[in-house]
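What follows is a single structure, written as structure tokens, with notes after it.
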Amino acid sequence: MQFRHEVKHEINISDMLILRQRLKAVMKPDNNAVNGKYQIRSLYFDNIDDKALREKLDGVNVREKYRIRLYNNDTSLIHLERKFKQGGLGYKNVADLTPKEAEAIAKGNTEWMAESNNEVILGFYTRIKTEGLKSKVIVDYTREPFVFAPGNVRVTLDYDIRTGLNCTDFLNPDCVTVPIPDNPCILEVKWDNFLPDVIRDIIQLENRYGTTFSKYAACRMYD
């Protein structure tokens, strides 16, 4: 299990324009990006008591959450992700889903998961049965990803964050989403064992500090 360091900074548009130029000068764009960016849609799950949401807002040190994610509305690659957080460290397990499987999960049809041989799917099924996890909200945003081989560093600029309100029709491209309040930009930095000085230096911004910003929590504020 490889935990990665994760740091987020809430920034503004001016910050993002400055950082974009700095990052392009030193880092490479992610190979999966199209014209330097891609669109992400995630469907988050929580129980009736909003355990995942409350743990995030309360600053619980050890947390786990599940989401389904696809990129650029391309249904040929859909991921079920288990995200585990412990302080400033994170770890993610991923399982591939077919469009039919993703739609079934979103609608609460999960009995088929019990027959899976995939540990992520089985773990999610166990949580569904023991904690009553259900689909809660769609989160859409644009991501500009950059990579740097030493330290396995990944820096992303996320913006145009939108919430699906009460819509959880994950595979419907016409599902209406609206911008979250203040519509911030998020700088996220991830690395393995060390963060090279050149990267540490270029991401420095005056009066910007680490944040606990959560796209999931921000998109639930309409509830």
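Ordered as shown in the structure tokens, chains take letters A, B, and onward, while each chain numbers its residues from 1 and ligands are numbered from 1 in the order shown.
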All residues 10 Å or closer to Trp112 (chain A), only C-alpha atoms, same chain fewer than 4 positions away omitted, as a ChimeraX atom specification:
/A:101,104-105,116,125
Create the file for the chosen residues now, containing N, CA, C and O atoms and written as a PDB file, in the first residue's frame.
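Result written to again-v3.pdb:
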ATOM      1  N   GLU A 101     -23.043  -1.467 -14.945  1.00  0.00           N
ATOM      2  CA  GLU A 101     -22.755  -1.624 -13.521  1.00  0.00           C
ATOM      3  C   GLU A 101     -22.811  -0.284 -12.794  1.00  0.00           C
ATOM      4  O   GLU A 101     -23.368  -0.182 -11.696  1.00  0.00           O
ATOM      5  N   ALA A 104     -26.374   0.781 -12.401  1.00  0.00           N
ATOM      6  CA  ALA A 104     -27.049  -0.040 -11.393  1.00  0.00           C
ATOM      7  C   ALA A 104     -26.704   0.445  -9.982  1.00  0.00           C
ATOM      8  O   ALA A 104     -27.591   0.589  -9.127  1.00  0.00           O
ATOM      9  N   ILE A 105     -25.431   0.716  -9.737  1.00  0.00           N
ATOM     10  CA  ILE A 105     -25.009   1.183  -8.414  1.00  0.00           C
ATOM     11  C   ILE A 105     -25.661   2.524  -8.097  1.00  0.00           C
ATOM     12  O   ILE A 105     -26.149   2.754  -6.984  1.00  0.00           O
ATOM     13  N   SER A 116     -18.899 -10.459  -7.154  1.00  0.00           N
ATOM     14  CA  SER A 116     -17.672  -9.959  -7.760  1.00  0.00           C
ATOM     15  C   SER A 116     -16.434 -10.543  -7.081  1.00  0.00           C
ATOM     16  O   SER A 116     -16.451 -10.860  -5.890  1.00  0.00           O
ATOM     17  N   TYR A 125     -19.668  -2.986  -1.511  1.00  0.00           N
ATOM     18  CA  TYR A 125     -20.924  -3.700  -1.264  1.00  0.00           C
ATOM     19  C   TYR A 125     -21.131  -3.930   0.238  1.00  0.00           C
ATOM     20  O   TYR A 125     -22.247  -3.760   0.760  1.00  0.00           O
TER      21      TYR A 125
END
Which residues, written as number ranges by chain, have at least one atom at most 8 Å from region 87-94 of chain A, with only C-alpha atoms counted and residues fewer than 5 positions away on the same chain left out?
A: 1-7, 61-62, 79-82, 120
Output N, CA and C atoms for every residue in that selection, as an mmCIF file, in the first residue's frame.
data_model
loop_
_atom_site.group_PDB
_atom_site.id
_atom_site.type_symbol
_atom_site.label_atom_id
_atom_site.label_comp_id
_atom_site.auth_asym_id
_atom_site.auth_seq_id
_atom_site.Cartn_x
_atom_site.Cartn_y
_atom_site.Cartn_z
ATOM 1 N N MET A 1 0.851 -1.194 0.000
ATOM 2 C CA MET A 1 0.000 0.000 0.000
ATOM 3 C C MET A 1 0.888 1.245 0.000
ATOM 4 N N GLN A 2 0.782 2.060 -1.050
ATOM 5 C CA GLN A 2 1.595 3.265 -1.173
ATOM 6 C C GLN A 2 0.769 4.507 -0.842
ATOM 7 N N PHE A 3 0.994 5.045 0.354
ATOM 8 C CA PHE A 3 0.348 6.306 0.712
ATOM 9 C C PHE A 3 1.087 7.449 0.028
ATOM 10 N N ARG A 4 0.324 8.472 -0.368
ATOM 11 C CA ARG A 4 0.905 9.652 -0.984
ATOM 12 C C ARG A 4 0.567 10.890 -0.165
ATOM 13 N N HIS A 5 1.512 11.808 -0.115
ATOM 14 C CA HIS A 5 1.263 13.097 0.524
ATOM 15 C C HIS A 5 0.289 13.888 -0.341
ATOM 16 N N GLU A 6 -0.643 14.585 0.299
ATOM 17 C CA GLU A 6 -1.634 15.371 -0.428
ATOM 18 C C GLU A 6 -1.817 16.720 0.266
ATOM 19 N N VAL A 7 -1.678 17.787 -0.502
ATOM 20 C CA VAL A 7 -1.869 19.138 0.010
ATOM 21 C C VAL A 7 -2.754 19.908 -0.956
ATOM 22 N N ASN A 61 -9.489 12.561 11.505
ATOM 23 C CA ASN A 61 -8.173 12.313 10.930
ATOM 24 C C ASN A 61 -8.151 11.139 9.958
ATOM 25 N N VAL A 62 -8.896 10.081 10.259
ATOM 26 C CA VAL A 62 -8.913 8.888 9.410
ATOM 27 C C VAL A 62 -10.290 8.766 8.782
ATOM 28 N N HIS A 79 -14.552 4.373 -13.297
ATOM 29 C CA HIS A 79 -13.871 3.849 -12.117
ATOM 30 C C HIS A 79 -14.770 3.916 -10.883
ATOM 31 N N LEU A 80 -14.730 2.858 -10.087
ATOM 32 C CA LEU A 80 -15.203 2.899 -8.710
ATOM 33 C C LEU A 80 -13.967 3.104 -7.864
ATOM 34 N N GLU A 81 -13.956 4.162 -7.057
ATOM 35 C CA GLU A 81 -12.772 4.494 -6.277
ATOM 36 C C GLU A 81 -13.062 4.477 -4.783
ATOM 37 N N ARG A 82 -12.173 3.860 -4.050
ATOM 38 C CA ARG A 82 -12.179 3.921 -2.589
ATOM 39 C C ARG A 82 -11.027 4.826 -2.187
ATOM 40 N N VAL A 120 -12.366 -4.103 -4.243
ATOM 41 C CA VAL A 120 -12.938 -2.772 -4.096
ATOM 42 C C VAL A 120 -14.462 -2.834 -4.206
#
Fewer than 3 positions away in the same chain doesn't count, so skip those; otherwise give me all residues within 6 Å of Ile40 (chain A), counting only C-alpha atoms, as a ChimeraX atom specification.
/A:71,140-141
Quick one: residues within 9 Å of region 166-176 of chain A, only C-alpha atoms, excluding same-chain residues fewer than 3 positions away - as a short mmCIF file (atom, residue, chain, number, x, y, z; two decimals) with all heavy atoms, in the first residue's frame?
data_model
loop_
_atom_site.label_atom_id
_atom_site.label_comp_id
_atom_site.auth_asym_id
_atom_site.auth_seq_id
_atom_site.Cartn_x
_atom_site.Cartn_y
_atom_site.Cartn_z
N ARG A 41 -16.34 13.93 -13.89
CA ARG A 41 -17.64 13.80 -13.23
C ARG A 41 -17.53 12.69 -12.18
O ARG A 41 -17.10 11.58 -12.48
CB ARG A 41 -18.76 13.47 -14.21
CG ARG A 41 -20.06 13.02 -13.54
CD ARG A 41 -21.26 13.07 -14.45
NE ARG A 41 -21.66 14.47 -14.69
CZ ARG A 41 -22.79 14.82 -15.29
NH1 ARG A 41 -23.62 13.89 -15.72
NH2 ARG A 41 -23.08 16.09 -15.47
N SER A 42 -17.91 13.01 -10.96
CA SER A 42 -17.88 12.02 -9.87
C SER A 42 -19.25 11.93 -9.22
O SER A 42 -19.94 12.94 -9.08
CB SER A 42 -16.84 12.42 -8.80
OG SER A 42 -15.55 12.49 -9.34
N LEU A 43 -19.61 10.73 -8.82
CA LEU A 43 -20.82 10.50 -8.04
C LEU A 43 -20.39 10.01 -6.67
O LEU A 43 -19.73 8.96 -6.55
CB LEU A 43 -21.71 9.45 -8.72
CG LEU A 43 -22.98 9.04 -7.97
CD1 LEU A 43 -23.92 10.23 -7.80
CD2 LEU A 43 -23.69 7.89 -8.69
N TYR A 44 -20.74 10.75 -5.63
CA TYR A 44 -20.32 10.43 -4.27
C TYR A 44 -21.44 9.71 -3.51
O TYR A 44 -22.63 9.93 -3.77
CB TYR A 44 -19.93 11.69 -3.52
CG TYR A 44 -18.59 12.24 -3.93
CD1 TYR A 44 -18.48 13.08 -5.03
CD2 TYR A 44 -17.44 11.92 -3.22
CE1 TYR A 44 -17.24 13.60 -5.42
CE2 TYR A 44 -16.20 12.43 -3.59
CZ TYR A 44 -16.12 13.26 -4.69
OH TYR A 44 -14.89 13.77 -5.07
N ILE A 68 -17.85 7.09 -7.81
CA ILE A 68 -17.73 6.59 -9.18
C ILE A 68 -17.30 7.77 -10.03
O ILE A 68 -17.82 8.88 -9.88
CB ILE A 68 -19.05 6.00 -9.69
CG1 ILE A 68 -19.46 4.80 -8.84
CG2 ILE A 68 -18.92 5.58 -11.15
CD1 ILE A 68 -20.80 4.21 -9.24
N ARG A 69 -16.37 7.54 -10.95
CA ARG A 69 -15.80 8.66 -11.70
C ARG A 69 -15.61 8.30 -13.17
O ARG A 69 -15.25 7.17 -13.51
CB ARG A 69 -14.47 9.06 -11.09
CG ARG A 69 -13.69 10.12 -11.84
CD ARG A 69 -12.53 10.65 -11.01
NE ARG A 69 -13.02 11.52 -9.93
CZ ARG A 69 -12.22 12.20 -9.11
NH1 ARG A 69 -10.91 12.12 -9.24
NH2 ARG A 69 -12.73 12.97 -8.16
N ASN A 73 -16.90 12.52 -20.17
CA ASN A 73 -18.13 11.80 -20.51
C ASN A 73 -17.87 10.54 -21.34
O ASN A 73 -18.74 10.09 -22.09
CB ASN A 73 -19.11 12.72 -21.26
CG ASN A 73 -19.70 13.78 -20.37
OD1 ASN A 73 -20.09 13.51 -19.23
ND2 ASN A 73 -19.76 15.01 -20.87
N THR A 75 -17.73 6.85 -21.46
CA THR A 75 -18.23 5.72 -20.66
C THR A 75 -17.42 4.44 -20.87
O THR A 75 -17.72 3.42 -20.26
CB THR A 75 -19.71 5.44 -20.97
OG1 THR A 75 -19.85 5.18 -22.37
CG2 THR A 75 -20.57 6.64 -20.59
N PRO A 99 -20.68 0.60 -18.01
CA PRO A 99 -21.77 1.57 -17.86
C PRO A 99 -22.99 0.97 -17.18
O PRO A 99 -23.64 1.62 -16.35
CB PRO A 99 -22.07 1.97 -19.31
CG PRO A 99 -20.78 1.78 -20.03
CD PRO A 99 -20.16 0.56 -19.39
N ALA A 102 -22.24 0.75 -13.41
CA ALA A 102 -22.24 2.08 -12.78
C ALA A 102 -23.67 2.60 -12.63
O ALA A 102 -24.03 3.15 -11.58
CB ALA A 102 -21.43 3.06 -13.64
N GLU A 103 -24.48 2.40 -13.64
CA GLU A 103 -25.87 2.85 -13.57
C GLU A 103 -26.64 2.08 -12.50
O GLU A 103 -27.46 2.66 -11.77
CB GLU A 103 -26.55 2.68 -14.93
CG GLU A 103 -27.97 3.22 -14.98
CD GLU A 103 -28.56 3.14 -16.37
OE1 GLU A 103 -28.05 2.38 -17.21
OE2 GLU A 103 -29.57 3.84 -16.61
N ALA A 106 -25.66 3.43 -9.08
CA ALA A 106 -26.25 4.75 -8.87
C ALA A 106 -27.72 4.66 -8.49
O ALA A 106 -28.23 5.48 -7.71
CB ALA A 106 -26.07 5.61 -10.12
N LYS A 107 -28.40 3.65 -9.03
CA LYS A 107 -29.83 3.49 -8.77
C LYS A 107 -30.11 2.60 -7.57
O LYS A 107 -31.28 2.34 -7.24
CB LYS A 107 -30.52 2.92 -10.02
CG LYS A 107 -30.53 3.90 -11.19
CD LYS A 107 -31.25 3.32 -12.40
CE LYS A 107 -31.32 4.33 -13.53
NZ LYS A 107 -32.00 3.77 -14.74
N SER A 135 -26.19 6.87 -3.29
CA SER A 135 -25.67 7.97 -4.09
C SER A 135 -26.23 9.28 -3.56
O SER A 135 -27.40 9.38 -3.21
CB SER A 135 -26.05 7.78 -5.56
OG SER A 135 -27.44 7.62 -5.72
N LYS A 136 -25.35 10.30 -3.47
CA LYS A 136 -25.74 11.58 -2.85
C LYS A 136 -25.69 12.76 -3.80
O LYS A 136 -26.63 13.56 -3.85
CB LYS A 136 -24.83 11.86 -1.65
CG LYS A 136 -25.10 10.99 -0.44
CD LYS A 136 -26.43 11.36 0.21
CE LYS A 136 -26.64 10.58 1.50
NZ LYS A 136 -27.86 11.02 2.22
N VAL A 137 -24.60 12.92 -4.54
CA VAL A 137 -24.48 14.12 -5.36
C VAL A 137 -23.46 13.90 -6.48
O VAL A 137 -22.49 13.17 -6.31
CB VAL A 137 -24.07 15.34 -4.50
CG1 VAL A 137 -22.63 15.24 -4.04
CG2 VAL A 137 -24.28 16.65 -5.25
N ILE A 138 -23.73 14.53 -7.61
CA ILE A 138 -22.78 14.57 -8.72
C ILE A 138 -21.91 15.81 -8.58
O ILE A 138 -22.41 16.90 -8.28
CB ILE A 138 -23.51 14.58 -10.08
CG1 ILE A 138 -24.09 13.20 -10.38
CG2 ILE A 138 -22.57 15.02 -11.21
CD1 ILE A 138 -24.93 13.16 -11.63
N THR A 163 -22.23 21.45 -8.98
CA THR A 163 -22.98 20.42 -8.24
C THR A 163 -24.22 20.00 -9.02
O THR A 163 -24.88 20.84 -9.65
CB THR A 163 -23.38 20.91 -6.84
OG1 THR A 163 -24.21 19.93 -6.22
CG2 THR A 163 -24.13 22.23 -6.89
N TYR A 222 -26.05 22.63 -0.81
CA TYR A 222 -27.40 22.97 -1.25
C TYR A 222 -28.45 22.11 -0.57
O TYR A 222 -29.64 22.39 -0.66
CB TYR A 222 -27.52 22.78 -2.78
CG TYR A 222 -26.97 23.92 -3.58
CD1 TYR A 222 -25.70 23.86 -4.13
CD2 TYR A 222 -27.73 25.07 -3.81
CE1 TYR A 222 -25.20 24.91 -4.89
CE2 TYR A 222 -27.23 26.12 -4.57
CZ TYR A 222 -25.96 26.03 -5.10
OH TYR A 222 -25.47 27.06 -5.85
N ASP A 223 -28.03 21.01 0.06
CA ASP A 223 -28.99 20.08 0.69
C ASP A 223 -29.79 20.76 1.79
O ASP A 223 -29.29 21.60 2.50
CB ASP A 223 -28.26 18.86 1.28
CG ASP A 223 -27.74 17.95 0.15
OD1 ASP A 223 -27.92 18.30 -1.02
OD2 ASP A 223 -27.14 16.92 0.50
#
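Atom pair CA of Lys215 (chain A) / CA of Ile11 (chain A): separated by 13.9 Å.
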May I ask which of the residues A:Asn183, A:Asn72, A:Asn47, A:Asn193 is the closest one to Ile128 (chain A), counting only C-alpha atoms?
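Nearest candidate to Ile128 (chain A) out of A:Asn183, A:Asn72, A:Asn47, A:Asn193: A:Asn47.
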So that I can check the surroundings of Ala114 (chain A), please list as a compact mmCIF listing (two decimals) with all heavy atoms, in the first residue's frame every protein, DNA and RNA residue that reaches within 9 Å of it, counting only C-alpha atoms and ignoring chain neighbours fewer than 5 positions away.
# COMPACT_ATOMS: atom_id res chain seq x y z
N ILE A 121 -14.94 -3.58 -5.19
CA ILE A 121 -16.38 -3.75 -5.37
C ILE A 121 -16.99 -4.45 -4.16
O ILE A 121 -18.03 -4.04 -3.64
CB ILE A 121 -16.68 -4.51 -6.66
CG1 ILE A 121 -16.28 -3.66 -7.88
CG2 ILE A 121 -18.16 -4.90 -6.74
CD1 ILE A 121 -16.44 -4.36 -9.21
N LEU A 122 -16.32 -5.51 -3.68
CA LEU A 122 -16.83 -6.24 -2.52
C LEU A 122 -16.81 -5.37 -1.27
O LEU A 122 -17.73 -5.42 -0.45
CB LEU A 122 -16.02 -7.51 -2.30
CG LEU A 122 -16.26 -8.67 -3.28
CD1 LEU A 122 -15.28 -9.80 -3.02
CD2 LEU A 122 -17.70 -9.17 -3.16
N TYR A 125 -19.67 -2.99 -1.51
CA TYR A 125 -20.92 -3.70 -1.26
C TYR A 125 -21.13 -3.93 0.24
O TYR A 125 -22.25 -3.76 0.76
CB TYR A 125 -20.91 -5.03 -2.00
CG TYR A 125 -22.15 -5.87 -1.79
CD1 TYR A 125 -23.37 -5.51 -2.35
CD2 TYR A 125 -22.11 -7.03 -1.01
CE1 TYR A 125 -24.50 -6.28 -2.15
CE2 TYR A 125 -23.23 -7.80 -0.81
CZ TYR A 125 -24.43 -7.42 -1.38
OH TYR A 125 -25.56 -8.17 -1.18
N THR A 126 -20.06 -4.28 0.94
CA THR A 126 -20.15 -4.48 2.39
C THR A 126 -20.57 -3.19 3.09
O THR A 126 -21.42 -3.19 3.99
CB THR A 126 -18.80 -4.98 2.95
OG1 THR A 126 -18.46 -6.22 2.33
CG2 THR A 126 -18.87 -5.16 4.46
Among A:Gln86, A:Thr177, A:Thr98, A:Ser214, Leu70 (chain A) is approached most closely, using only C-alpha atoms, by A:Thr98
Mind the document's chain letters and residue numbers, and return as a PyMOL selection string the residues of chain A that DSSP labels strand (DSSP E or B).
chain A and resi 4-11+28-29+34+37-46+62-71+78-86+89-97+134-148+153-163+178-179+185-191+210
Requested write-out: C-alpha atoms of the selected residues, as a tab-separated table (two decimals), in the first residue's frame:
chain	number	residue	atom	x	y	z
A	4	ARG	CA	0.90	9.65	-0.98
A	5	HIS	CA	1.26	13.10	0.52
A	6	GLU	CA	-1.63	15.37	-0.43
A	7	VAL	CA	-1.87	19.14	0.01
A	8	LYS	CA	-4.62	21.47	-1.24
A	9	HIS	CA	-4.69	25.25	-1.58
A	10	GLU	CA	-7.77	27.31	-2.35
A	11	ILE	CA	-6.70	29.93	-4.90
A	28	LYS	CA	4.76	17.93	-18.28
A	29	PRO	CA	1.01	17.72	-18.94
A	34	VAL	CA	-6.76	16.77	-24.07
A	37	LYS	CA	-7.22	19.49	-19.48
A	38	TYR	CA	-10.13	17.13	-19.02
A	39	GLN	CA	-13.59	17.12	-17.52
A	40	ILE	CA	-14.27	15.01	-14.44
A	41	ARG	CA	-17.64	13.80	-13.23
A	42	SER	CA	-17.88	12.02	-9.87
A	43	LEU	CA	-20.82	10.50	-8.04
A	44	TYR	CA	-20.32	10.43	-4.27
A	45	PHE	CA	-21.93	8.10	-1.75
A	46	ASP	CA	-22.85	8.56	1.90
A	62	VAL	CA	-8.91	8.89	9.41
A	63	ARG	CA	-11.63	8.79	6.76
A	64	GLU	CA	-12.86	6.61	3.91
A	65	LYS	CA	-15.18	7.46	1.03
A	66	TYR	CA	-16.39	5.91	-2.20
A	67	ARG	CA	-17.14	7.52	-5.55
A	68	ILE	CA	-17.73	6.59	-9.18
A	69	ARG	CA	-15.80	8.66	-11.70
A	70	LEU	CA	-15.50	9.14	-15.46
A	71	TYR	CA	-13.59	11.53	-17.68
A	78	ILE	CA	-15.53	4.27	-15.50
A	79	HIS	CA	-13.87	3.85	-12.12
A	80	LEU	CA	-15.20	2.90	-8.71
A	81	GLU	CA	-12.77	4.49	-6.28
A	82	ARG	CA	-12.18	3.92	-2.59
A	83	LYS	CA	-10.31	6.91	-1.13
A	84	PHE	CA	-8.65	6.44	2.27
A	85	LYS	CA	-7.28	9.49	4.12
A	86	GLN	CA	-5.08	9.62	7.19
A	89	LEU	CA	-1.65	11.16	3.48
A	90	GLY	CA	-3.97	9.49	1.01
A	91	TYR	CA	-4.38	6.14	-0.70
A	92	LYS	CA	-6.74	5.13	-3.48
A	93	ASN	CA	-8.01	1.75	-4.74
A	94	VAL	CA	-9.70	1.58	-8.13
A	95	ALA	CA	-11.99	-0.91	-9.86
A	96	ASP	CA	-13.27	-0.65	-13.44
A	97	LEU	CA	-17.03	-0.62	-14.02
A	134	LYS	CA	-26.49	5.63	-1.23
A	135	SER	CA	-25.67	7.97	-4.09
A	136	LYS	CA	-25.74	11.58	-2.85
A	137	VAL	CA	-24.48	14.12	-5.36
A	138	ILE	CA	-22.78	14.57	-8.72
A	139	VAL	CA	-19.66	16.75	-8.75
A	140	ASP	CA	-18.39	18.13	-12.08
A	141	TYR	CA	-15.22	20.15	-12.64
A	142	THR	CA	-12.39	20.92	-15.06
A	143	ARG	CA	-8.89	19.68	-14.24
A	144	GLU	CA	-5.50	20.74	-15.62
A	145	PRO	CA	-2.98	18.07	-14.56
A	146	PHE	CA	0.84	18.28	-14.54
A	147	VAL	CA	3.37	15.55	-13.71
A	148	PHE	CA	7.02	15.47	-12.63
A	153	VAL	CA	4.71	14.46	-8.29
A	154	ARG	CA	1.29	15.36	-9.64
A	155	VAL	CA	-0.03	18.92	-9.52
A	156	THR	CA	-3.57	19.74	-10.60
A	157	LEU	CA	-5.57	22.91	-11.09
A	158	ASP	CA	-9.29	22.29	-10.58
A	159	TYR	CA	-11.96	24.88	-11.40
A	160	ASP	CA	-15.51	25.40	-12.65
A	161	ILE	CA	-16.74	23.13	-9.83
A	162	ARG	CA	-20.42	22.35	-10.27
A	163	THR	CA	-22.98	20.42	-8.24
A	178	VAL	CA	-24.79	24.59	-11.27
A	179	PRO	CA	-21.65	26.38	-9.99
A	185	CYS	CA	-10.04	27.21	-7.91
A	186	ILE	CA	-8.17	24.41	-6.15
A	187	LEU	CA	-4.46	23.70	-6.38
A	188	GLU	CA	-3.69	20.13	-5.34
A	189	VAL	CA	-0.20	18.68	-4.96
A	190	LYS	CA	0.51	14.96	-4.51
A	191	TRP	CA	3.85	13.19	-4.13
A	210	GLY	CA	-3.08	24.60	2.98
So what do you get for CA of Asn118 (chain A) versus CA of Ala217 (chain A), distance-wise?
28.2 Å
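If you look at CA of Lys56 (chain A) and CA of Gly108 (chain A), they are 23.9 Å away from each other.
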When DSSP is applied to the backbone of this structure, which of region 10-222 of chain A are assigned alpha helix (DSSP H)? Write them out as a VMD selection string.
chain A and resid 13 to 26 51 to 57 99 to 106 119 to 131 197 to 202 215 to 219
Residue nearest Lys24 (chain A) among A:Leu53, A:Ile48, A:Leu195, A:Ile202 (counting only C-alpha atoms)
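Checking each candidate against Lys24 (chain A), we get A:Ile202 as the closest.
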